[in-house]
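What follows is a set of notes on a single structure, which appears directly below.
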Amino acid sequence: MDCQSTQATSNQVFPSPPDRTHPSLSRDIPQEASSPTLMHTLHTETSSVLSVTADEKHIYSGSQGYDIFVWDRFSFAVKTTLRGHTGSVLALEVAKEKGWLFSSSGDSTVRVWCTSNLSPIYIITPYLESDSGDLFCLSYSPTLDTVYFGCQNTSLQWFDFTDLPSSEKSVCPYINGFNSSSPDPFTIRESDVRPGSKRNKFFGDGYASGQATPTPLCKEDAPKPLRVLQVMSTNVIDSAHYGYVYSMALLPSSLESNVGREDKDMVYVLLVTGSGDETVKLWKCTPSGPVLVHTFDASAGAVLSLVVRHESVYAGCQDGHVKVFDLETKTLVRTIIAQEGVDILSLSMIDTDLYTCFANGEIRRWSASFDCTASWQAHDGIVLSSFITRCEKSGSWRLVTGANDNCIKLWHIDRPKSRRGSLSMKGRDGSESPADNRSMHDTMLHALSKFISIPSISSEDKHREDCRQAAIWLKKCFTQLGAEAVLLPTAEGRNPLVLGTFTGSQSKQNRPRVLFYGHYDVMAAPPKGWNSDPFTLTARDGYLYGRGATDDKGPILAVACAASELLVRRELECDLVFLIEGEEETGSFGFSEAVRQNKKLIGDVDAILVSNSTWIDEDRPCVTYGMRGVVHCCVEISSDRDDRHSGVDGGAVPQPMFDMVKLLASLSEGQQVLIPCFYDAVRPQTKKESELYELLSTVTGKSASSFSSKWREPSLTIHNVMVSGPGNATVIPATVKAKVSLRIVPDQDLDTIIHSLREHLLTSFDAIKSPNSIDVQMYNVTDWWLGDIEGRWFKALEGAIKDEWGVEPLRIREGGSIPSVPYLEKEFKCPALHLPLGQSSVCFRVLILVFVRDTFD
């Protein structure tokens, strides 16, 4: 870490605490944040605006009064009115590729309009066996040339335009003309009357807008479409939900606001639907129809609005919550408490900015970290619809909103600033030069700058979404580098694992499989000690500075880029499996269980590679072959009384603090641990090991005993003592807690040490003969690890380092612990290797890529 001493000033100002009664975890809106500027207001005379959409020339608004208003985008005047529906226009969508406008209505029809001459083309009626009621939502897939719509009778229906005659597939059939006299299975007779349909019991309360008697398909004075099409019985999923189907969205998204188009390379189409049954359903769309993949439980009222972006589903619910689901792991990753008890009737998104539209007329903007960055009163009524569109002339973006105040409003919005990811290269003279992208080395630096910019701090809840975004980013990075990558869920509310597999040359039979373990989460980075922003990668004097550059984002990307380069050269002769967790800095919660559940997917493993520490010298590479284990213990001594005043009860009551002092004193004398038989199983130091410590002493100038004491000898540490009550000088605390840890080494048995520590504490407390009570809890226990330095994998690693650097690597051990290393070694029954990539100044060497690459040759 780049260290610099700093001193707090006496006039330091702390921000006021947020409203503690509000349940939202979102940080306060920055004072400098501004709401979008209102650019124009369009008024309709007497009708609520239920739906909006736009193309290059027009803004379309669907009204409660059955009509679709077409507004000119340059003059903002009503250009024409599309008339034909006999019910409220509930949803609109433009299919730019075809030059079509889709509309769905309370008259139980979907209509298709030509956007060039603003004329009706088709009327699509649902399957006639039962009345479908209001058609609340629709989505069109250009990939499948199919329109999907959700119905009040809980069905999901669709019409596939590829089944139409080829003469009707032009942008506007009016232009080419076609012969409609030839009937086909999709065509109802060309009249303006829809036959009566069998009444569905679902509408027993009479709320459906459809009717059992014959009803007109068009208003008498409205232009007639070229054809009336019928959804076939095979294109219906009855009871797709157990409630009205209110909302839907498609992935890949063809919406104009999907500017990043990260989903453009998807090989299949996904449909997401939301319902009054409080669920979100994920469907895989095939030529024969949607197939249910997964059901998400929103449990927050009806799902009234949906948007899908960046492999995440955002569901706006009736109670003012936005549920965020991960499509990869099929898990709920966040609940945004947008406004409690206020319906969210529309959602729009551009890049990572989410706009929520509320029934009280407000609109709020949310960042990628789910912080509310803007909030404003947009309308004097219920905001019913929204759409994001780009101005062709200015290139700026507009949020278009419609409400029951009979207004359409256009707001100027900016695309969110991309994550900090530019790498500034500074020389000794302070000059800067940008990095280019001419080699895999530059690709690694560019990727690392982006990875570092994500503050994936697992110990802080406010960065929980940053951790998930880091996992999503890493998965995509692996994929771009040539691996097959997926996210694996861990425990509820915890960060996912990233599993990426680089497959070696197919020509080599029985390829070895190496598992690389790492973690994408990092520790917090307090400003003190940093000369640069810890989440902006900075290159200075041959070093890279940034949180995670060494631990552990840099090593992950170095190895991945090395594997990718070998893939391109067809020289990767092993399968390299990346298993990257997001909870290492907080105890690897859920890691072992997730590995066991997905062991078949991970596959067989021949060796494990870890890179999670530093060298002990600036210039000579090292390999780590051992780490101590750890046993954490919490001791609590309590009296049966409340906290007391020392002036009133001092000397009259047995104090837990006295007991704790005596108990802790019984654990050690100086550096010597007094637990019985504690040292009995410690492996004696060999002559070869002593020679190694002497070599390290020569290289570093430190004493040989310093390495021995912190690497291969067990130790005890008392971390803190905490008391109940206010902690001032007049209180006798009723409860005293102490946290203690033991570092263990070969050949101490973990279970034996745990038992001995517990027994020693309880026996020593009994000897005090105190009336107070004691509780001893063990947590975060990890066994020691010692690598097989004579094994073929270790020899191969040392040989690769020597070939690259021209020197024998230093063999070192670590005094700390990595819980996952001994666990993975036992779970997969194979040796682990630890290759540190950080230097003793805790920086990541720019030129390390070549070294890591050659390790796998």
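Order determines the names: the first chain of the structure tokens is A, the second B, and so forth; residues in each chain are numbered 1 upward, and ligands are numbered 1 upward as they are shown.
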(request) Extract, using only C-alpha atoms, all DNA, RNA and protein residues at most 9 Å from Ser764 of chain A, discarding same-chain residues fewer than 6 positions from it, and format them as a list in words. (result) Lys662, Leu663 and Ser666 of chain A
(request) Fewer than 6 positions away in the same chain doesn't count, so skip those; otherwise give me all residues within 8 Å of Arg415 of chain A, counting only C-alpha atoms, as number ranges by chain. (result) A: 350-351, 353, 397
Restricting it to N, CA, C and O atoms, dump the selection as a PDB file, in the first residue's frame.
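Here's the written file out17.pdb:
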```pdb
ATOM      1  N   ILE A 350     -31.222   3.182 -18.331  1.00  0.00           N
ATOM      2  CA  ILE A 350     -30.198   3.471 -19.321  1.00  0.00           C
ATOM      3  C   ILE A 350     -28.846   3.189 -18.684  1.00  0.00           C
ATOM      4  O   ILE A 350     -28.532   3.710 -17.612  1.00  0.00           O
ATOM      5  N   ASP A 351     -28.072   2.324 -19.314  1.00  0.00           N
ATOM      6  CA  ASP A 351     -26.816   1.858 -18.722  1.00  0.00           C
ATOM      7  C   ASP A 351     -27.103   1.302 -17.330  1.00  0.00           C
ATOM      8  O   ASP A 351     -27.871   0.373 -17.191  1.00  0.00           O
ATOM      9  N   ASP A 353     -28.264   3.301 -14.731  1.00  0.00           N
ATOM     10  CA  ASP A 353     -29.204   4.168 -14.020  1.00  0.00           C
ATOM     11  C   ASP A 353     -30.624   3.653 -14.171  1.00  0.00           C
ATOM     12  O   ASP A 353     -31.111   3.449 -15.294  1.00  0.00           O
ATOM     13  N   TRP A 397     -30.280  12.537 -24.406  1.00  0.00           N
ATOM     14  CA  TRP A 397     -31.275  11.532 -24.050  1.00  0.00           C
ATOM     15  C   TRP A 397     -32.447  12.172 -23.321  1.00  0.00           C
ATOM     16  O   TRP A 397     -32.286  13.159 -22.609  1.00  0.00           O
TER      17      TRP A 397
END
```
(request) Run DSSP on the backbone of this structure and report the residues of segment 561-774 of chain A it assigns to alpha helix (DSSP H), as a VMD selection string. (result) chain A and resid 561 to 568 591 to 597 599 to 602 646 to 649 656 to 665 687 to 700 704 to 711 750 to 768
(message) Using DSSP assignments from the backbone, pull out every residue in segment 298-506 of chain A that falls under strand (DSSP E or B) and give it to me as a VMD selection string.
(response) chain A and resid 303 to 309 312 to 317 321 to 326 331 to 337 344 to 350 353 to 358 362 to 366 372 to 377 383 to 390 397 to 403 407 to 413 424 to 426 432 to 434 457 484 to 488 497 to 502
(request) Have a look at atom CA of Phe591 of chain A and atom CA of Arg712 of chain A and let me know their distance in Å, one decimal. (result) 27.1 Å
(request) Find the residues near Cys391 of chain A: any atom within 10 Å, counting only C-alpha atoms, skip ones fewer than 2 places away on the same chain, and give them as number ranges by chain. (result) A: 55-57, 73-74, 389, 393-398, 412
(message) If we count only C-alpha atoms and set the cut-off at 9 Å, which residues sit around Ala594 of chain A, ignoring sequence neighbours fewer than 5 positions away in its own chain? Please answer as a PyMOL selection string.
(response) chain A and resi 488-491+497+599
Output N, CA, C and O atoms of each residue in that selection to a file, as a PDB file, in the first residue's frame.
```
ATOM      1  N   LEU A 488     -22.079 -19.020  -9.380  1.00  0.00           N
ATOM      2  CA  LEU A 488     -22.652 -20.051  -8.518  1.00  0.00           C
ATOM      3  C   LEU A 488     -23.132 -19.398  -7.225  1.00  0.00           C
ATOM      4  O   LEU A 488     -22.362 -18.687  -6.573  1.00  0.00           O
ATOM      5  N   PRO A 489     -24.390 -19.613  -6.850  1.00  0.00           N
ATOM      6  CA  PRO A 489     -24.884 -19.001  -5.616  1.00  0.00           C
ATOM      7  C   PRO A 489     -24.266 -19.644  -4.390  1.00  0.00           C
ATOM      8  O   PRO A 489     -23.910 -20.835  -4.394  1.00  0.00           O
ATOM      9  N   THR A 490     -24.126 -18.858  -3.346  1.00  0.00           N
ATOM     10  CA  THR A 490     -23.674 -19.387  -2.050  1.00  0.00           C
ATOM     11  C   THR A 490     -24.855 -19.299  -1.093  1.00  0.00           C
ATOM     12  O   THR A 490     -25.952 -19.709  -1.427  1.00  0.00           O
ATOM     13  N   ALA A 491     -24.659 -18.752   0.080  1.00  0.00           N
ATOM     14  CA  ALA A 491     -25.754 -18.612   1.030  1.00  0.00           C
ATOM     15  C   ALA A 491     -26.613 -17.407   0.651  1.00  0.00           C
ATOM     16  O   ALA A 491     -26.181 -16.503  -0.066  1.00  0.00           O
ATOM     17  N   LEU A 497     -20.005 -17.218  -6.180  1.00  0.00           N
ATOM     18  CA  LEU A 497     -18.711 -17.667  -6.692  1.00  0.00           C
ATOM     19  C   LEU A 497     -18.683 -17.449  -8.193  1.00  0.00           C
ATOM     20  O   LEU A 497     -19.712 -17.489  -8.864  1.00  0.00           O
ATOM     21  N   LYS A 599     -19.571 -29.575  -6.991  1.00  0.00           N
ATOM     22  CA  LYS A 599     -18.320 -30.292  -7.237  1.00  0.00           C
ATOM     23  C   LYS A 599     -18.316 -30.987  -8.595  1.00  0.00           C
ATOM     24  O   LYS A 599     -17.290 -31.027  -9.287  1.00  0.00           O
TER      25      LYS A 599
END
```
(message) One number please: atom CA of Leu567 of chain A to atom CA of Lys829 of chain A, in Å, one decimal.
(response) 27.4 Å
(message) Neighbouring residues of segment 568-577 of chain A were defined as those with any atom within 9 Å, considering only C-alpha atoms; residues of the same chain fewer than 2 positions away were excluded. Please report them as a PyMOL selection string.
(response) chain A and resi 482-483+499-508+510-517+560+563-566+579+602-603+605+856-857
(request) Fewer than 3 positions away in the same chain doesn't count, so skip those; otherwise give me all residues within 12 Å of segment 452-455 of chain A, counting only C-alpha atoms, as an MDAnalysis selection string. (result) chainID A and resid 368:369 418:423 444:449 458:474 520:525 533:538 544:554 556:557 582
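The shell of residues at most 9 Å from Phe136 of chain A, with only C-alpha atoms counted and near chain neighbours (fewer than 5 positions) removed, consists of Val89, Leu90, Ala91, Ser104, Ser105, Gly106, Phe149, Gly150, Cys151, Gln152, Tyr244, Val245, Tyr246 and Ser247 of chain A.
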Could the residues in this selection be saved with N, CA and C atoms as an mmCIF file, in the first residue's frame?
```
data_model
loop_
_atom_site.group_PDB
_atom_site.id
_atom_site.type_symbol
_atom_site.label_atom_id
_atom_site.label_comp_id
_atom_site.auth_asym_id
_atom_site.auth_seq_id
_atom_site.Cartn_x
_atom_site.Cartn_y
_atom_site.Cartn_z
ATOM 1 N N VAL A 89 -55.724 2.092 -24.131
ATOM 2 C CA VAL A 89 -54.473 1.615 -24.736
ATOM 3 C C VAL A 89 -53.455 1.424 -23.609
ATOM 4 N N LEU A 90 -53.185 0.178 -23.260
ATOM 5 C CA LEU A 90 -52.425 -0.151 -22.051
ATOM 6 C C LEU A 90 -50.928 -0.295 -22.283
ATOM 7 N N ALA A 91 -50.504 -0.623 -23.508
ATOM 8 C CA ALA A 91 -49.076 -0.836 -23.763
ATOM 9 C C ALA A 91 -48.754 -0.482 -25.204
ATOM 10 N N SER A 104 -51.521 -2.690 -27.276
ATOM 11 C CA SER A 104 -52.463 -3.635 -26.656
ATOM 12 C C SER A 104 -53.437 -2.850 -25.814
ATOM 13 N N SER A 105 -54.608 -3.446 -25.603
ATOM 14 C CA SER A 105 -55.695 -2.631 -25.078
ATOM 15 C C SER A 105 -56.621 -3.415 -24.169
ATOM 16 N N GLY A 106 -57.473 -2.641 -23.509
ATOM 17 C CA GLY A 106 -58.545 -3.239 -22.722
ATOM 18 C C GLY A 106 -59.638 -3.839 -23.568
ATOM 19 N N PHE A 149 -47.764 -11.244 -25.398
ATOM 20 C CA PHE A 149 -48.586 -10.348 -24.599
ATOM 21 C C PHE A 149 -49.185 -11.090 -23.405
ATOM 22 N N GLY A 150 -49.322 -10.339 -22.316
ATOM 23 C CA GLY A 150 -49.839 -10.892 -21.071
ATOM 24 C C GLY A 150 -51.283 -10.473 -20.859
ATOM 25 N N CYS A 151 -52.084 -11.400 -20.366
ATOM 26 C CA CYS A 151 -53.530 -11.207 -20.334
ATOM 27 C C CYS A 151 -54.081 -11.153 -18.913
ATOM 28 N N GLN A 152 -55.278 -10.547 -18.837
ATOM 29 C CA GLN A 152 -55.954 -10.456 -17.552
ATOM 30 C C GLN A 152 -56.426 -11.824 -17.060
ATOM 31 N N TYR A 244 -53.209 -11.627 -12.696
ATOM 32 C CA TYR A 244 -53.082 -10.868 -13.933
ATOM 33 C C TYR A 244 -51.614 -10.751 -14.336
ATOM 34 N N VAL A 245 -51.340 -10.855 -15.639
ATOM 35 C CA VAL A 245 -49.975 -10.682 -16.130
ATOM 36 C C VAL A 245 -49.813 -9.194 -16.460
ATOM 37 N N TYR A 246 -49.195 -8.449 -15.541
ATOM 38 C CA TYR A 246 -49.128 -6.995 -15.636
ATOM 39 C C TYR A 246 -47.948 -6.477 -16.455
ATOM 40 N N SER A 247 -46.848 -7.218 -16.484
ATOM 41 C CA SER A 247 -45.622 -6.656 -17.045
ATOM 42 C C SER A 247 -44.777 -7.743 -17.682
#
```
(request) Could you check how far atom CA of Pro714 of chain A sits from atom CA of Val631 of chain A, in Å to one decimal? (result) 11.1 Å
(message) So, with only C-alpha atoms as the atoms that count, which of A:Leu271, A:Leu824, A:Ile637, A:Val740 lies closest to Gly518 of chain A?
(response) A:Leu824
